[in-house]
$ cat run.pdb   # PDB, C-alpha atoms
MODEL        1
ATOM      1  CA  MET C   1      11.952   0.770   9.150  1.00  0.00           C
ATOM      2  CA  LYS C   2       8.726   2.572   8.294  1.00  0.00           C
ATOM      3  CA  THR C   3       5.413   0.727   8.505  1.00  0.00           C
ATOM      4  CA  MET C   4       2.250   2.000   6.859  1.00  0.00           C
ATOM      5  CA  MET C   5      -1.223   0.511   7.020  1.00  0.00           C
ATOM      6  CA  TRP C   6      -4.442   1.110   5.122  1.00  0.00           C
ATOM      7  CA  LYS C   7      -7.864  -0.068   6.284  1.00  0.00           C
ATOM      8  CA  LEU C   8     -10.399  -0.773   3.554  1.00  0.00           C
ATOM      9  CA  ASP C   9     -14.053  -1.579   4.089  1.00  0.00           C
ATOM     10  CA  CYS C  10     -15.405  -4.921   3.022  1.00  0.00           C
ATOM     11  CA  SER C  11     -18.817  -6.516   3.370  1.00  0.00           C
ATOM     12  CA  ILE C  12     -20.655  -9.800   2.998  1.00  0.00           C
ATOM     13  CA  TRP C  13     -24.344 -10.262   2.325  1.00  0.00           C
ATOM     14  CA  ARG C  14     -26.658 -13.082   1.422  1.00  0.00           C
ATOM     15  CA  GLU C  15     -28.077 -13.454  -2.089  1.00  0.00           C
ATOM     16  CA  GLY C  16     -30.272 -16.537  -2.377  1.00  0.00           C
ATOM     17  CA  ASP C  17     -28.281 -19.582  -1.278  1.00  0.00           C
ATOM     18  CA  TRP C  18     -24.915 -17.788  -1.501  1.00  0.00           C
ATOM     19  CA  TYR C  19     -23.028 -15.166   0.486  1.00  0.00           C
ATOM     20  CA  VAL C  20     -21.365 -12.491  -1.634  1.00  0.00           C
ATOM     21  CA  SER C  21     -18.190 -10.874  -0.286  1.00  0.00           C
ATOM     22  CA  GLU C  22     -16.708  -7.664  -1.599  1.00  0.00           C
ATOM     23  CA  CYS C  23     -13.944  -5.139  -1.055  1.00  0.00           C
ATOM     24  CA  LYS C  24     -15.197  -2.195  -3.137  1.00  0.00           C
ATOM     25  CA  ASP C  25     -12.025  -0.165  -2.646  1.00  0.00           C
ATOM     26  CA  LEU C  26      -9.954  -2.764  -4.513  1.00  0.00           C
ATOM     27  CA  GLU C  27     -12.802  -3.890  -6.785  1.00  0.00           C
ATOM     28  CA  VAL C  28     -12.391  -7.483  -5.587  1.00  0.00           C
ATOM     29  CA  ALA C  29     -15.310  -9.814  -4.888  1.00  0.00           C
ATOM     30  CA  SER C  30     -15.972 -13.458  -4.169  1.00  0.00           C
ATOM     31  CA  GLN C  31     -18.679 -15.691  -2.734  1.00  0.00           C
ATOM     32  CA  GLY C  32     -19.275 -18.740  -0.573  1.00  0.00           C
ATOM     33  CA  GLU C  33     -21.994 -21.042   0.657  1.00  0.00           C
ATOM     34  CA  SER C  34     -21.529 -19.743   4.237  1.00  0.00           C
ATOM     35  CA  LEU C  35     -20.371 -16.472   5.804  1.00  0.00           C
ATOM     36  CA  GLN C  36     -17.094 -18.095   6.834  1.00  0.00           C
ATOM     37  CA  GLU C  37     -16.463 -19.472   3.343  1.00  0.00           C
ATOM     38  CA  ALA C  38     -17.268 -16.053   1.807  1.00  0.00           C
ATOM     39  CA  GLN C  39     -14.781 -14.409   4.215  1.00  0.00           C
ATOM     40  CA  ASP C  40     -12.078 -16.951   3.418  1.00  0.00           C
ATOM     41  CA  ASN C  41     -12.704 -16.655  -0.320  1.00  0.00           C
ATOM     42  CA  LEU C  42     -12.561 -12.846  -0.188  1.00  0.00           C
ATOM     43  CA  LYS C  43      -9.252 -12.971   1.643  1.00  0.00           C
ATOM     44  CA  GLU C  44      -7.891 -15.382  -0.972  1.00  0.00           C
ATOM     45  CA  ALA C  45      -9.202 -13.206  -3.843  1.00  0.00           C
ATOM     46  CA  ILE C  46      -7.572 -10.093  -2.381  1.00  0.00           C
ATOM     47  CA  GLN C  47      -4.295 -11.946  -1.848  1.00  0.00           C
ATOM     48  CA  LEU C  48      -4.365 -13.158  -5.474  1.00  0.00           C
ATOM     49  CA  PHE C  49      -5.006  -9.585  -6.606  1.00  0.00           C
ATOM     50  CA  LEU C  50      -2.043  -8.326  -4.544  1.00  0.00           C
ATOM     51  CA  ASP C  51       0.173 -11.102  -5.900  1.00  0.00           C
ATOM     52  CA  ALA C  52      -0.723 -10.247  -9.501  1.00  0.00           C
ATOM     53  CA  ALA C  53      -0.900  -6.439  -9.298  1.00  0.00           C
ATOM     54  CA  SER C  54       2.130  -4.207  -9.287  1.00  0.00           C
ATOM     55  CA  PHE C  55       2.782  -2.024  -6.260  1.00  0.00           C
ATOM     56  CA  SER C  56       1.916   1.087  -8.286  1.00  0.00           C
ATOM     57  CA  GLU C  57      -1.380  -0.467  -9.407  1.00  0.00           C
ATOM     58  CA  VAL C  58      -2.375  -1.147  -5.796  1.00  0.00           C
ATOM     59  CA  MET C  59      -1.373   2.410  -4.875  1.00  0.00           C
ATOM     60  CA  SER C  60      -3.596   3.761  -7.670  1.00  0.00           C
ATOM     61  CA  TYR C  61      -6.605   2.070  -6.031  1.00  0.00           C
ATOM     62  CA  LEU C  62      -5.694   3.506  -2.633  1.00  0.00           C
ATOM     63  CA  VAL C  63      -5.304   7.019  -4.046  1.00  0.00           C
ATOM     64  CA  ARG C  64      -8.737   6.748  -5.623  1.00  0.00           C
ATOM     65  CA  VAL C  65     -10.324   6.112  -2.222  1.00  0.00           C
ATOM     66  CA  GLU C  66      -8.312   9.019  -0.807  1.00  0.00           C
ATOM     67  CA  LEU C  67      -5.958   7.073   1.428  1.00  0.00           C
ATOM     68  CA  ASP C  68      -2.463   8.325   2.155  1.00  0.00           C
ATOM     69  CA  THR C  69      -0.098   6.661  -0.282  1.00  0.00           C
ATOM     70  CA  SER C  70       2.994   8.726   0.482  1.00  0.00           C
ATOM     71  CA  VAL C  71       5.313   5.753   0.697  1.00  0.00           C
ATOM     72  CA  THR C  72       8.939   6.080  -0.264  1.00  0.00           C
ATOM     73  CA  PRO C  73       9.980   2.689  -1.635  1.00  0.00           C
ATOM     74  CA  LEU C  74       8.739   2.120  -5.167  1.00  0.00           C
ATOM     75  CA  GLU C  75       8.793  -1.620  -4.716  1.00  0.00           C
ATOM     76  CA  THR C  76       7.698  -3.194  -1.460  1.00  0.00           C
ATOM     77  CA  GLN C  77       5.829  -6.203  -0.150  1.00  0.00           C
ATOM     78  CA  LEU C  78       2.220  -5.702   0.896  1.00  0.00           C
ATOM     79  CA  HIS C  79       0.792  -7.903   3.635  1.00  0.00           C
ATOM     80  CA  LEU C  80      -2.884  -8.665   4.019  1.00  0.00           C
ATOM     81  CA  GLU C  81      -5.064  -9.020   7.098  1.00  0.00           C
ATOM     82  CA  VAL C  82      -8.846  -9.349   6.935  1.00  0.00           C
ATOM     83  CA  GLN C  83     -10.794  -8.802  10.140  1.00  0.00           C
ATOM     84  CA  PHE C  84     -14.503  -9.429  10.542  1.00  0.00           C
ATOM     85  CA  PRO C  85     -16.612  -9.423  13.701  1.00  0.00           C
ATOM     86  CA  PRO C  86     -17.599 -12.853  15.052  1.00  0.00           C
ATOM     87  CA  ILE C  87     -20.235 -14.509  12.894  1.00  0.00           C
ATOM     88  CA  GLY C  88     -23.648 -14.942  14.513  1.00  0.00           C
ATOM     89  CA  GLN C  89     -25.812 -17.935  13.677  1.00  0.00           C
ATOM     90  CA  GLU C  90     -28.738 -15.809  12.502  1.00  0.00           C
ATOM     91  CA  SER C  91     -26.722 -13.174  10.668  1.00  0.00           C
ATOM     92  CA  HIS C  92     -27.194 -12.644   6.926  1.00  0.00           C
ATOM     93  CA  GLN C  93     -24.801  -9.724   6.595  1.00  0.00           C
ATOM     94  CA  THR C  94     -21.534  -8.578   8.123  1.00  0.00           C
ATOM     95  CA  SER C  95     -18.861  -6.013   7.495  1.00  0.00           C
ATOM     96  CA  GLY C  96     -15.232  -5.748   8.412  1.00  0.00           C
ATOM     97  CA  GLU C  97     -11.898  -4.291   7.430  1.00  0.00           C
ATOM     98  CA  VAL C  98      -9.125  -5.292   5.114  1.00  0.00           C
ATOM     99  CA  THR C  99      -5.754  -4.124   6.375  1.00  0.00           C
ATOM    100  CA  LEU C 100      -2.905  -3.757   3.904  1.00  0.00           C
ATOM    101  CA  ALA C 101       0.473  -3.093   5.424  1.00  0.00           C
ATOM    102  CA  TYR C 102       4.063  -2.860   4.378  1.00  0.00           C
ATOM    103  CA  ALA C 103       7.234  -2.770   6.377  1.00  0.00           C
TER     104      ALA C 103
ENDMDL
END

$ encode --input "run.pdb" --output "structure tokens"
Amino acid sequence: MKTMMWKLDCSIWREGDWYVSECKDLEVASQGESLQEAQDNLKEAIQLFLDAASFSEVMSYLVRVELDTSVTPLETQLHLEVQFPPIGQESHQTSGEVTLAYA
């Protein structure tokens, strides 16, 4: 069985009392009162997007950011993994990767 993965950039930054989290490649954003909450909320927002979007809609986003979308099945299940570096106490900004995969 073929497995394919795409890594998308995501970032979190502080705006006032809130942390804003964003995955520009999928045009998904969220926020939280802490870095951890912003990370968790971004992961949930991306998962909700993947649950609601069709496979071809997700592929259209990946093509736009020039990622290889040469997958053979027209319908498949995408899995989500969000990885950020460890959060430092003094940090006001972080970046990480969103990994979409199918098998």

$ residues_around --input "run.pdb" --residues "Leu42 of chain C" --least-positions-apart "2" --cutoff "6 Å" --atoms "all atoms listed in the file" --output "PDB file with C-alpha atoms, in the coordinates of the input"
ATOM      1  CA  SER C  21     -18.190 -10.874  -0.286  1.00  0.00           C
ATOM      2  CA  SER C  30     -15.972 -13.458  -4.169  1.00  0.00           C
ATOM      3  CA  GLN C  39     -14.781 -14.409   4.215  1.00  0.00           C
ATOM      4  CA  ASP C  40     -12.078 -16.951   3.418  1.00  0.00           C
ATOM      5  CA  GLU C  44      -7.891 -15.382  -0.972  1.00  0.00           C
ATOM      6  CA  ALA C  45      -9.202 -13.206  -3.843  1.00  0.00           C
TER       7      ALA C  45
END

$ atom_distance --input "run.pdb" --atom1 "atom CA of Thr99 of chain C" --atom2 "atom CA of Trp18 of chain C"
24.8 Å

$ atom_distance --input "run.pdb" --atom1 "atom CA of Asp17 of chain C" --atom2 "atom CA of Glu33 of chain C"
6.7 Å

$ closest_residue --input "run.pdb" --among "C:Val28, C:Val58, C:Leu8, C:Val65" --to "Asn41 of chain C" --atoms "only C-alpha atoms"
C:Val28

$ atom_distance --input "run.pdb" --atom1 "atom CA of Leu35 of chain C" --atom2 "atom CA of Leu50 of chain C"
22.6 Å

$ closest_residue --input "run.pdb" --among "C:Leu26, C:Lys43, C:Gly32, C:Lys7" --to "Glu57 of chain C" --atoms "all atoms listed in the file"
C:Leu26

$ axis_aligned_box --input "run.pdb" --around "segment 9-19 of chain C" --padding-each-side "3 Å" --output "AutoDock Vina command-line options"
--center_x -22.2 --center_y -10.6 --center_z 0.9 --size_x 22.2 --size_y 24.0 --size_z 12.5

$ closest_residue --input "run.pdb" --among "C:Glu15, C:Cys10, C:Asp25, C:Ser54" --to "Glu66 of chain C" --atoms "all atoms listed in the file"
C:Asp25

$ closest_residue --input "run.pdb" --among "C:Arg64, C:Trp6, C:Glu37, C:Phe55" --to "Tyr19 of chain C" --atoms "all atoms listed in the file"
C:Glu37
